[in-house]
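Colleague: Please read through the structure below; I'll follow up with questions.
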Amino acid sequence: MSNVKRGKLILKEVPAGEVEKKVVMLLLKFAKNATVEELTEKVKNTPFALSNDIAAEKAVLILEAFQKFGATAVFIPHMTEKPETEPITSFKMEPEPRFTFDPQPDFEVEPPPVKPAAKKNGSRRLTVILVTILLLLSVGYLAWQLRPILGDKVIELWSYLKQLI
């Protein structure tokens, strides 16, 4: 259980006018699904409960903000009954044993087993293989398309190189 006191936060009185607008704007920060119209209507019809279960620390912060604007709010802590306790019986504690020697065992402690390396994601390897295949196919297709244009020039270059040797 927590030591935080919890309770109910009630907005008692809000003067009309500028104070009412400031209180509505402050409540909009805390209310998640409320609209300006809903909050304005609730502020006009005070008192109403802002929260039925709020921590005392948060309630104090909100109360200070309301007082700063000129509104009145009240924090009412929850009344909790303490459970009846059984009578405490005294008991004698045994003294803790004291070691005069090192309690470490003489044998070597086994190191924890080495975890196997995590399997690498094969997506990088697969991507490299697919890009390489795509590149080879592209070069082959380009050579096939340019064969009629460059074919004669390659034959001429080959015959020229044969003559030089």
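Labeling convention for the structure tokens: chains A, B, ... as they appear, residues from 1 per chain, ligands from 1 in order of appearance.
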Just want the 10 Å neighbourhood of A:Leu27, counted on only C-alpha atoms, with same-chain residues fewer than 5 positions away dropped. Output as a PyMOL selection string.
Modeller: chain A and resi 21-22+32+34-36+39-40+43+50+62+66
Colleague: For those residues, write all heavy atoms to a file as an mmCIF file, in the first residue's frame.
Modeller:
data_model
loop_
_atom_site.group_PDB
_atom_site.id
_atom_site.type_symbol
_atom_site.label_atom_id
_atom_site.label_comp_id
_atom_site.auth_asym_id
_atom_site.auth_seq_id
_atom_site.Cartn_x
_atom_site.Cartn_y
_atom_site.Cartn_z
ATOM 1 N N LYS A 21 -13.846 32.106 -16.729
ATOM 2 C CA LYS A 21 -13.136 31.749 -17.968
ATOM 3 C C LYS A 21 -11.776 31.133 -17.652
ATOM 4 O O LYS A 21 -11.360 30.150 -18.272
ATOM 5 C CB LYS A 21 -12.957 32.977 -18.847
ATOM 6 C CG LYS A 21 -14.247 33.493 -19.441
ATOM 7 C CD LYS A 21 -13.989 34.727 -20.272
ATOM 8 C CE LYS A 21 -15.301 35.323 -20.778
ATOM 9 N NZ LYS A 21 -15.084 36.571 -21.500
ATOM 10 N N LYS A 22 -11.058 31.705 -16.667
ATOM 11 C CA LYS A 22 -9.739 31.173 -16.307
ATOM 12 C C LYS A 22 -9.854 29.768 -15.728
ATOM 13 O O LYS A 22 -9.036 28.889 -16.030
ATOM 14 C CB LYS A 22 -9.058 32.107 -15.309
ATOM 15 C CG LYS A 22 -8.593 33.408 -15.916
ATOM 16 C CD LYS A 22 -7.900 34.269 -14.872
ATOM 17 C CE LYS A 22 -7.442 35.587 -15.455
ATOM 18 N NZ LYS A 22 -6.788 36.425 -14.451
ATOM 19 N N LYS A 32 -9.808 15.368 -20.302
ATOM 20 C CA LYS A 32 -9.347 14.810 -21.575
ATOM 21 C C LYS A 32 -10.403 14.905 -22.670
ATOM 22 O O LYS A 32 -10.097 15.208 -23.801
ATOM 23 C CB LYS A 32 -8.932 13.359 -21.375
ATOM 24 C CG LYS A 32 -7.714 13.238 -20.497
ATOM 25 C CD LYS A 32 -7.308 11.817 -20.296
ATOM 26 C CE LYS A 32 -6.062 11.797 -19.425
ATOM 27 N NZ LYS A 32 -5.905 10.639 -18.664
ATOM 28 N N ALA A 34 -13.513 16.629 -22.375
ATOM 29 C CA ALA A 34 -14.538 17.636 -22.100
ATOM 30 C C ALA A 34 -14.410 18.800 -23.081
ATOM 31 O O ALA A 34 -13.323 19.139 -23.532
ATOM 32 C CB ALA A 34 -14.397 18.143 -20.675
ATOM 33 N N THR A 35 -15.555 19.407 -23.382
ATOM 34 C CA THR A 35 -15.565 20.588 -24.244
ATOM 35 C C THR A 35 -15.704 21.825 -23.386
ATOM 36 O O THR A 35 -16.021 21.755 -22.193
ATOM 37 C CB THR A 35 -16.737 20.517 -25.242
ATOM 38 O OG1 THR A 35 -17.959 20.541 -24.500
ATOM 39 C CG2 THR A 35 -16.657 19.271 -26.109
ATOM 40 N N VAL A 36 -15.476 22.983 -23.990
ATOM 41 C CA VAL A 36 -15.569 24.250 -23.274
ATOM 42 C C VAL A 36 -16.993 24.459 -22.768
ATOM 43 O O VAL A 36 -17.201 24.907 -21.626
ATOM 44 C CB VAL A 36 -15.129 25.419 -24.189
ATOM 45 C CG1 VAL A 36 -15.314 26.751 -23.485
ATOM 46 C CG2 VAL A 36 -13.696 25.238 -24.639
ATOM 47 N N LEU A 39 -17.727 22.229 -19.672
ATOM 48 C CA LEU A 39 -17.049 22.715 -18.472
ATOM 49 C C LEU A 39 -17.648 24.028 -17.991
ATOM 50 O O LEU A 39 -17.770 24.249 -16.778
ATOM 51 C CB LEU A 39 -15.549 22.867 -18.748
ATOM 52 C CG LEU A 39 -14.783 21.556 -18.915
ATOM 53 C CD1 LEU A 39 -13.338 21.827 -19.281
ATOM 54 C CD2 LEU A 39 -14.858 20.719 -17.658
ATOM 55 N N THR A 40 -18.034 24.903 -18.908
ATOM 56 C CA THR A 40 -18.652 26.167 -18.509
ATOM 57 C C THR A 40 -19.956 25.897 -17.773
ATOM 58 O O THR A 40 -20.241 26.535 -16.750
ATOM 59 C CB THR A 40 -18.907 27.049 -19.746
ATOM 60 O OG1 THR A 40 -17.687 27.216 -20.453
ATOM 61 C CG2 THR A 40 -19.451 28.400 -19.349
ATOM 62 N N VAL A 43 -19.107 24.565 -14.280
ATOM 63 C CA VAL A 43 -18.563 25.611 -13.417
ATOM 64 C C VAL A 43 -19.684 26.524 -12.925
ATOM 65 O O VAL A 43 -19.667 26.996 -11.783
ATOM 66 C CB VAL A 43 -17.449 26.396 -14.157
ATOM 67 C CG1 VAL A 43 -17.081 27.663 -13.414
ATOM 68 C CG2 VAL A 43 -16.227 25.523 -14.338
ATOM 69 N N LEU A 50 -14.555 17.392 -8.966
ATOM 70 C CA LEU A 50 -13.584 17.352 -10.063
ATOM 71 C C LEU A 50 -12.963 15.971 -10.184
ATOM 72 O O LEU A 50 -12.711 15.499 -11.272
ATOM 73 C CB LEU A 50 -12.489 18.397 -9.829
ATOM 74 C CG LEU A 50 -12.932 19.853 -9.870
ATOM 75 C CD1 LEU A 50 -11.803 20.753 -9.421
ATOM 76 C CD2 LEU A 50 -13.389 20.226 -11.256
ATOM 77 N N ILE A 62 -3.621 21.868 -7.604
ATOM 78 C CA ILE A 62 -4.822 22.363 -8.279
ATOM 79 C C ILE A 62 -5.535 23.384 -7.401
ATOM 80 O O ILE A 62 -6.024 24.410 -7.884
ATOM 81 C CB ILE A 62 -5.738 21.183 -8.658
ATOM 82 C CG1 ILE A 62 -5.034 20.296 -9.690
ATOM 83 C CG2 ILE A 62 -7.063 21.668 -9.208
ATOM 84 C CD1 ILE A 62 -5.729 19.005 -10.005
ATOM 85 N N PHE A 66 -6.556 27.273 -8.293
ATOM 86 C CA PHE A 66 -7.910 27.825 -8.179
ATOM 87 C C PHE A 66 -7.925 29.051 -7.269
ATOM 88 O O PHE A 66 -8.584 30.044 -7.563
ATOM 89 C CB PHE A 66 -8.891 26.776 -7.649
ATOM 90 C CG PHE A 66 -9.302 25.749 -8.664
ATOM 91 C CD1 PHE A 66 -9.470 24.434 -8.312
ATOM 92 C CD2 PHE A 66 -9.533 26.105 -9.986
ATOM 93 C CE1 PHE A 66 -9.845 23.486 -9.237
ATOM 94 C CE2 PHE A 66 -9.915 25.168 -10.928
ATOM 95 C CZ PHE A 66 -10.071 23.851 -10.550
#
Colleague: For a quick check of understanding, using only C-alpha atoms, which of A:Lys12, A:Lys5, A:Arg125, A:Lys115 has the smallest distance to A:Thr72?
Modeller: A:Lys12
Colleague: Can you tell me which residues surround A:Glu20 at a distance of at most 10 Å, considering only C-alpha atoms, apart from same-chain residues fewer than 6 positions away, and format the answer as a list in words?
Modeller: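 My reading of the contact set: Glu13, Val14, Leu26, Leu39, Thr40, Val43, Lys44, Phe69, Gly70 and Ala71 of chain A.
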